$ cat my_file-v4.cif   # mmCIF, C-alpha atoms
data_my_file
#
loop_
_atom_site.label_atom_id
_atom_site.label_comp_id
_atom_site.auth_asym_id
_atom_site.auth_seq_id
_atom_site.Cartn_x
_atom_site.Cartn_y
_atom_site.Cartn_z
CA MET A 1 17.54 22.58 19.40
CA MET A 2 13.90 21.60 19.93
CA LYS A 3 13.19 22.57 16.33
CA LEU A 4 15.96 20.29 15.11
CA ILE A 5 14.62 17.35 17.10
CA GLY A 6 11.11 17.98 15.78
CA ALA A 7 12.41 18.17 12.21
CA VAL A 8 14.27 14.89 12.57
CA LEU A 9 11.17 13.23 14.04
CA ILE A 10 8.97 14.43 11.16
CA ILE A 11 11.46 13.25 8.54
CA VAL A 12 11.82 9.85 10.20
CA ALA A 13 8.05 9.41 10.48
CA THR A 14 7.20 10.27 6.88
CA THR A 15 10.12 8.30 5.47
CA TRP A 16 9.07 5.33 7.55
CA ALA A 17 5.51 5.64 6.26
CA GLY A 18 6.82 5.68 2.70
CA PHE A 19 8.94 2.57 3.24
CA GLU A 20 6.04 0.80 4.92
CA ALA A 21 3.80 1.52 1.93
CA SER A 22 6.47 0.28 -0.48
CA ARG A 23 6.93 -2.89 1.60
CA HIS A 24 3.20 -3.45 1.28
CA LEU A 25 3.57 -3.16 -2.49
CA THR A 26 6.39 -5.72 -2.62
CA GLU A 27 4.62 -8.12 -0.26
CA ARG A 28 1.50 -8.44 -2.41
CA PRO A 29 2.98 -10.24 -5.45
CA ARG A 30 5.02 -12.48 -3.15
CA GLN A 31 1.98 -13.52 -1.15
CA LEU A 32 -0.03 -14.06 -4.32
CA ARG A 33 2.69 -16.38 -5.60
CA GLN A 34 2.58 -18.27 -2.32
CA LEU A 35 -1.19 -18.51 -2.53
CA LYS A 36 -0.88 -19.96 -6.02
CA SER A 37 1.64 -22.57 -4.96
CA ALA A 38 -0.58 -23.39 -1.98
CA LEU A 39 -3.50 -24.06 -4.28
CA GLN A 40 -1.30 -26.20 -6.51
CA SER A 41 -0.21 -28.26 -3.52
CA LEU A 42 -3.84 -28.56 -2.47
CA GLU A 43 -4.67 -29.85 -5.93
CA ALA A 44 -1.89 -32.41 -5.72
CA GLU A 45 -3.07 -33.53 -2.28
CA ILE A 46 -6.63 -33.93 -3.55
CA MET A 47 -5.91 -35.51 -6.92
CA TYR A 48 -2.99 -37.81 -6.17
CA GLY A 49 -2.85 -38.11 -2.40
CA HIS A 50 -6.61 -38.48 -1.73
CA THR A 51 -5.90 -36.62 1.49
CA PRO A 52 -8.85 -35.46 3.62
CA LEU A 53 -9.27 -31.70 3.59
CA HIS A 54 -8.25 -30.96 7.19
CA GLU A 55 -5.17 -33.13 6.80
CA ALA A 56 -4.26 -31.40 3.54
CA ALA A 57 -4.76 -27.98 5.14
CA ARG A 58 -2.50 -28.91 8.03
CA ARG A 59 0.23 -30.07 5.67
CA LEU A 60 -0.10 -26.86 3.68
CA SER A 61 0.25 -24.77 6.81
CA ASP A 62 3.51 -26.58 7.54
CA GLN A 63 4.83 -25.95 4.05
CA LEU A 64 3.98 -22.26 3.73
CA SER A 65 5.51 -19.22 5.40
CA LYS A 66 4.00 -16.78 7.86
CA PRO A 67 0.73 -15.06 6.97
CA LEU A 68 -0.68 -17.77 4.73
CA SER A 69 0.31 -20.63 7.02
CA TRP A 70 -1.90 -19.07 9.71
CA PHE A 71 -4.82 -19.20 7.31
CA PHE A 72 -4.49 -22.91 6.62
CA GLU A 73 -3.77 -23.60 10.27
CA SER A 74 -6.97 -21.93 11.42
CA PHE A 75 -8.89 -23.60 8.58
CA ALA A 76 -7.66 -27.05 9.64
CA LYS A 77 -8.41 -26.26 13.28
CA LYS A 78 -11.95 -25.16 12.47
CA LEU A 79 -12.58 -28.28 10.42
CA THR A 80 -11.40 -30.68 13.12
CA ASP A 81 -12.64 -28.91 16.24
CA SER A 82 -16.03 -27.46 15.40
CA GLU A 83 -19.20 -28.59 13.67
CA THR A 84 -19.20 -26.33 10.65
CA THR A 85 -19.35 -26.56 6.88
CA VAL A 86 -16.22 -26.26 4.81
CA LYS A 87 -17.54 -23.08 3.23
CA ASP A 88 -18.07 -21.34 6.57
CA ALA A 89 -14.76 -22.49 7.99
CA TRP A 90 -12.96 -21.29 4.88
CA GLU A 91 -14.65 -17.92 4.88
CA GLU A 92 -14.13 -17.32 8.58
CA SER A 93 -10.44 -18.19 8.38
CA LEU A 94 -10.11 -15.90 5.39
CA LYS A 95 -11.67 -13.02 7.31
CA GLU A 96 -9.50 -13.63 10.35
CA ILE A 97 -6.27 -13.63 8.41
CA TRP A 98 -6.99 -11.02 5.76
CA LYS A 99 -5.96 -7.98 7.80
CA MET A 100 -2.49 -9.42 8.30
CA THR A 101 -1.78 -9.95 4.60
CA ALA A 102 -0.94 -7.43 1.92
CA LEU A 103 -3.69 -8.78 -0.32
CA LYS A 104 -6.64 -6.84 -1.64
CA GLN A 105 -10.38 -7.15 -2.08
CA GLY A 106 -10.11 -8.80 -5.51
CA GLU A 107 -8.16 -11.75 -4.14
CA PHE A 108 -10.54 -11.99 -1.20
CA GLU A 109 -13.52 -12.43 -3.51
CA ILE A 110 -11.65 -15.01 -5.61
CA MET A 111 -10.71 -17.04 -2.56
CA LYS A 112 -14.21 -16.75 -1.10
CA GLN A 113 -15.75 -18.05 -4.31
CA PHE A 114 -13.24 -20.88 -4.35
CA GLY A 115 -14.19 -21.76 -0.78
CA GLU A 116 -17.81 -22.09 -1.81
CA THR A 117 -16.93 -24.83 -4.27
CA LEU A 118 -14.49 -26.61 -2.00
CA GLY A 119 -15.49 -30.12 -1.02
CA ARG A 120 -18.80 -30.16 -2.88
CA HIS A 121 -17.89 -31.86 -6.13
CA ASP A 122 -15.98 -34.89 -7.30
CA ARG A 123 -12.26 -34.73 -7.77
CA LEU A 124 -12.30 -33.77 -11.43
CA SER A 125 -14.57 -30.75 -11.05
CA GLN A 126 -12.61 -29.80 -7.96
CA GLN A 127 -9.49 -29.78 -10.07
CA LYS A 128 -11.22 -27.58 -12.62
CA GLN A 129 -12.24 -25.16 -9.89
CA ILE A 130 -8.67 -24.98 -8.67
CA MET A 131 -7.50 -24.28 -12.21
CA LEU A 132 -10.05 -21.50 -12.54
CA THR A 133 -8.96 -19.94 -9.26
CA LEU A 134 -5.34 -20.21 -10.34
CA THR A 135 -6.02 -18.30 -13.57
CA HIS A 136 -7.82 -15.59 -11.62
CA LEU A 137 -4.92 -15.34 -9.19
CA GLU A 138 -2.50 -15.22 -12.11
CA ARG A 139 -4.28 -12.16 -13.42
CA GLU A 140 -4.18 -10.50 -10.01
CA GLU A 141 -0.49 -11.28 -9.72
CA ALA A 142 0.29 -9.65 -13.05
CA ASP A 143 -1.63 -6.60 -11.87
CA ALA A 144 0.16 -6.57 -8.53
CA HIS A 145 3.54 -6.82 -10.27
CA ASP A 146 2.70 -3.91 -12.54
CA ARG A 147 1.75 -1.79 -9.56
CA GLN A 148 4.91 -2.75 -7.74
CA VAL A 149 7.17 -1.72 -10.62
CA LYS A 150 5.24 1.49 -11.12
CA TYR A 151 4.75 2.77 -7.58
CA GLU A 152 7.47 1.28 -5.38
CA ARG A 153 10.11 3.95 -5.95
CA MET A 154 7.55 6.70 -6.09
CA VAL A 155 6.11 5.90 -2.68
CA LYS A 156 9.54 5.88 -1.06
CA SER A 157 10.67 9.23 -2.42
CA LEU A 158 7.22 10.69 -1.87
CA GLY A 159 7.44 9.91 1.84
CA PHE A 160 10.84 11.55 2.22
CA LEU A 161 10.02 14.60 0.11
CA SER A 162 6.70 15.28 1.78
CA GLY A 163 8.48 15.21 5.14
CA LEU A 164 11.04 17.69 3.84
CA LEU A 165 8.30 19.96 2.53
CA LEU A 166 6.46 19.82 5.84
CA ILE A 167 9.62 20.84 7.70
CA ILE A 168 10.27 23.79 5.40
CA LEU A 169 6.66 24.93 5.73
CA LEU A 170 6.77 24.73 9.51
CA LEU A 171 10.17 26.38 9.90
CA MET B 1 18.44 41.65 7.29
CA GLY B 2 18.61 38.20 8.81
CA LEU B 3 14.88 37.69 8.31
CA GLU B 4 15.03 38.42 4.57
CA VAL B 5 17.82 35.94 3.90
CA ASP B 6 15.91 33.34 5.88
CA ILE B 7 12.83 33.81 3.73
CA ILE B 8 14.78 33.59 0.50
CA PHE B 9 16.19 30.26 1.61
CA LYS B 10 12.74 29.08 2.58
CA ILE B 11 11.34 29.94 -0.84
CA ALA B 12 14.27 28.17 -2.50
CA GLY B 13 13.69 25.08 -0.35
CA VAL B 14 10.00 24.89 -1.15
CA GLY B 15 10.82 25.37 -4.83
CA ILE B 16 13.33 22.52 -4.88
CA VAL B 17 11.10 20.09 -3.01
CA VAL B 18 8.05 20.91 -5.09
CA ALA B 19 10.10 20.51 -8.27
CA PHE B 20 11.23 17.05 -7.10
CA LEU B 21 7.68 16.05 -6.23
CA HIS B 22 6.50 17.24 -9.62
CA THR B 23 9.15 15.21 -11.45
CA ILE B 24 8.44 12.04 -9.50
CA LEU B 25 4.67 12.28 -9.87
CA ASP B 26 5.12 13.04 -13.55
CA GLN B 27 7.32 9.97 -14.06
CA VAL B 28 4.69 7.55 -12.77
CA GLY B 29 1.99 9.17 -14.83
CA LYS B 30 0.11 11.05 -12.14
CA LYS B 31 0.09 14.31 -14.05
CA GLU B 32 -2.97 15.73 -12.31
CA TYR B 33 -1.48 15.34 -8.81
CA ALA B 34 1.81 16.83 -10.02
CA GLN B 35 0.02 19.91 -11.23
CA TRP B 36 -1.89 20.27 -7.97
CA VAL B 37 1.28 20.03 -5.91
CA THR B 38 2.98 22.66 -8.04
CA LEU B 39 -0.05 24.91 -7.83
CA PHE B 40 -0.26 24.69 -4.04
CA GLY B 41 3.43 25.34 -3.66
CA PHE B 42 3.08 28.37 -5.89
CA ILE B 43 0.10 29.69 -3.95
CA TYR B 44 1.92 29.25 -0.64
CA ILE B 45 4.97 31.16 -1.86
CA LEU B 46 2.72 33.82 -3.36
CA PHE B 47 1.06 34.44 0.00
CA MET B 48 4.40 34.66 1.73
CA VAL B 49 5.77 37.14 -0.82
CA ALA B 50 2.53 39.13 -0.71
CA SER B 51 2.77 39.56 3.04
CA ILE B 52 6.39 40.73 2.72
CA VAL B 53 5.49 43.20 -0.02
CA ASP B 54 2.61 44.40 2.14
CA ASN B 55 5.12 44.98 4.91
CA LEU B 56 7.26 46.99 2.51
CA PHE B 57 4.36 49.17 1.44
CA GLN B 58 3.42 49.86 5.03
CA LYS B 59 6.98 50.97 5.70
CA ILE B 60 7.07 53.24 2.67
CA LYS B 61 3.77 54.74 3.72
CA SER B 62 4.97 55.38 7.22
CA VAL B 63 8.15 57.01 5.94
CA PHE B 64 6.70 59.27 3.26
CA LEU B 65 3.13 59.92 4.42
CA PHE B 66 3.85 60.02 8.15
CA GLN B 67 1.14 57.50 9.02
CA GLY B 68 1.27 54.76 11.62
#

$ encode --input "my_file-v4.cif" --output "structure tokens"
Amino acid sequence: MMKLIGAVLIIVATTWAGFEASRHLTERPRQLRQLKSALQSLEAEIMYGHTPLHEAARRLSDQLSKPLSWFFESFAKKLTDSETTVKDAWEESLKEIWKMTALKQGEFEIMKQFGETLGRHDRLSQQKQIMLTLTHLEREEADAHDRQVKYERMVKSLGFLSGLLLIILLL
Amino acid sequence: MGLEVDIIFKIAGVGIVVAFLHTILDQVGKKEYAQWVTLFGFIYILFMVASIVDNLFQKIKSVFLFQG
């Protein structure tokens, strides 16, 4: 009886781990798409709305859904509340939020580099920077999509099967 | 006799699971991992069978050569 309970626990744990990993894989392209649309909205706010940066960030945080909205929220908060440069505020918010997203190091570097250019040029070069960042993110998204298609099913069945194997070995 | 049947089922189970793992890893193009998994499964079963055969030899010895 104890053996049976242990076996069920092992199977549940490894299967859960597999599903968690596959969820991570599906989250990444979705969040990258959101990030892209966020940058596009930011561009629109800057180019056509002439909105100040903290105002634009606050609006973005209202528009977006969970993990990314936190990023823009904390960015806006840092800009209004504390005496800091845009670059520092951007980077700090990125670091705070990064653990909660499914995104990887590549996107982090891209966003960090974008933050360094933010608010330092006129509108036209700012638009060009946003375009550049968008192309980089596009590339990352294609990569993320490839990985999702390739590994999603594998990770799920791998979790279940490794649990099964472990049970047989321990029996 | 119960023990022997148990071990046969265990070997069969490991074989099936390892075969599945091999197929899945092969499908996504991780050939090297697939081969490692198969190899380790094989080695594990080999050790198990070796210990059983060892048991058998000890029994034969004790029957025919009158040794403990």

$ interface_residues --input "my_file-v4.cif" --of "chain A" --to "chain B" --cutoff "7 Å" --atoms "all atoms listed in the file" --output "list of chain:residue names"
A:Lys150, A:Met154, A:Leu158, A:Leu161, A:Leu165, A:Ile168

$ atom_distance --input "my_file-v4.cif" --atom1 "atom CA of A:Ala76" --atom2 "atom CA of A:Glu55"
7.2 Å

$ atom_distance --input "my_file-v4.cif" --atom1 "atom CA of A:Asp143" --atom2 "atom CA of A:Pro29"
8.7 Å

$ residues_around --input "my_file-v4.cif" --residues "A:Arg120" --least-positions-apart "3" --cutoff "12 Å" --atoms "only C-alpha atoms" --output "list in words"
Leu53, Thr85, Val86, Lys87, Phe114, Gly115, Glu116, Thr117, Arg123, Leu124, Ser125, Gln126, Gln127 and Gln129 of chain A

$ residues_around --input "my_file-v4.cif" --residues "stretch 40-46 of chain A" --least-positions-apart "4" --cutoff "12 Å" --atoms "only C-alpha atoms" --output "VMD selection string"
chain A and resid 33 to 36 50 to 64 72 118 to 119 121 to 135 137

$ resolve_selection --input "my_file-v4.cif" --expression "the PyMOL selection byres ((chain A and resi 147) around 12)" --output "ChimeraX atom specification"
/A:22,24-29,140-146,148-155 /B:28

$ resolve_selection --input "my_file-v4.cif" --expression "the PyMOL selection byres ((chain A and resi 163) around 8)" --output "mmCIF file with C-alpha atoms, in the coordinates of the input"
data_model
loop_
_atom_site.group_PDB
_atom_site.id
_atom_site.type_symbol
_atom_site.label_atom_id
_atom_site.label_comp_id
_atom_site.auth_asym_id
_atom_site.auth_seq_id
_atom_site.Cartn_x
_atom_site.Cartn_y
_atom_site.Cartn_z
ATOM 1 C CA ILE A 10 8.970 14.430 11.160
ATOM 2 C CA ILE A 11 11.460 13.250 8.540
ATOM 3 C CA ALA A 13 8.050 9.410 10.480
ATOM 4 C CA THR A 14 7.200 10.270 6.880
ATOM 5 C CA THR A 15 10.120 8.300 5.470
ATOM 6 C CA GLY A 159 7.440 9.910 1.840
ATOM 7 C CA PHE A 160 10.840 11.550 2.220
ATOM 8 C CA LEU A 161 10.020 14.600 0.110
ATOM 9 C CA SER A 162 6.700 15.280 1.780
ATOM 10 C CA LEU A 164 11.040 17.690 3.840
ATOM 11 C CA LEU A 165 8.300 19.960 2.530
ATOM 12 C CA LEU A 166 6.460 19.820 5.840
ATOM 13 C CA ILE A 167 9.620 20.840 7.700
#

$ closest_residue --input "my_file-v4.cif" --among "A:Gln31, A:Arg139, A:Arg23, A:Gly18" --to "A:Trp98" --atoms "all atoms listed in the file"
A:Gln31
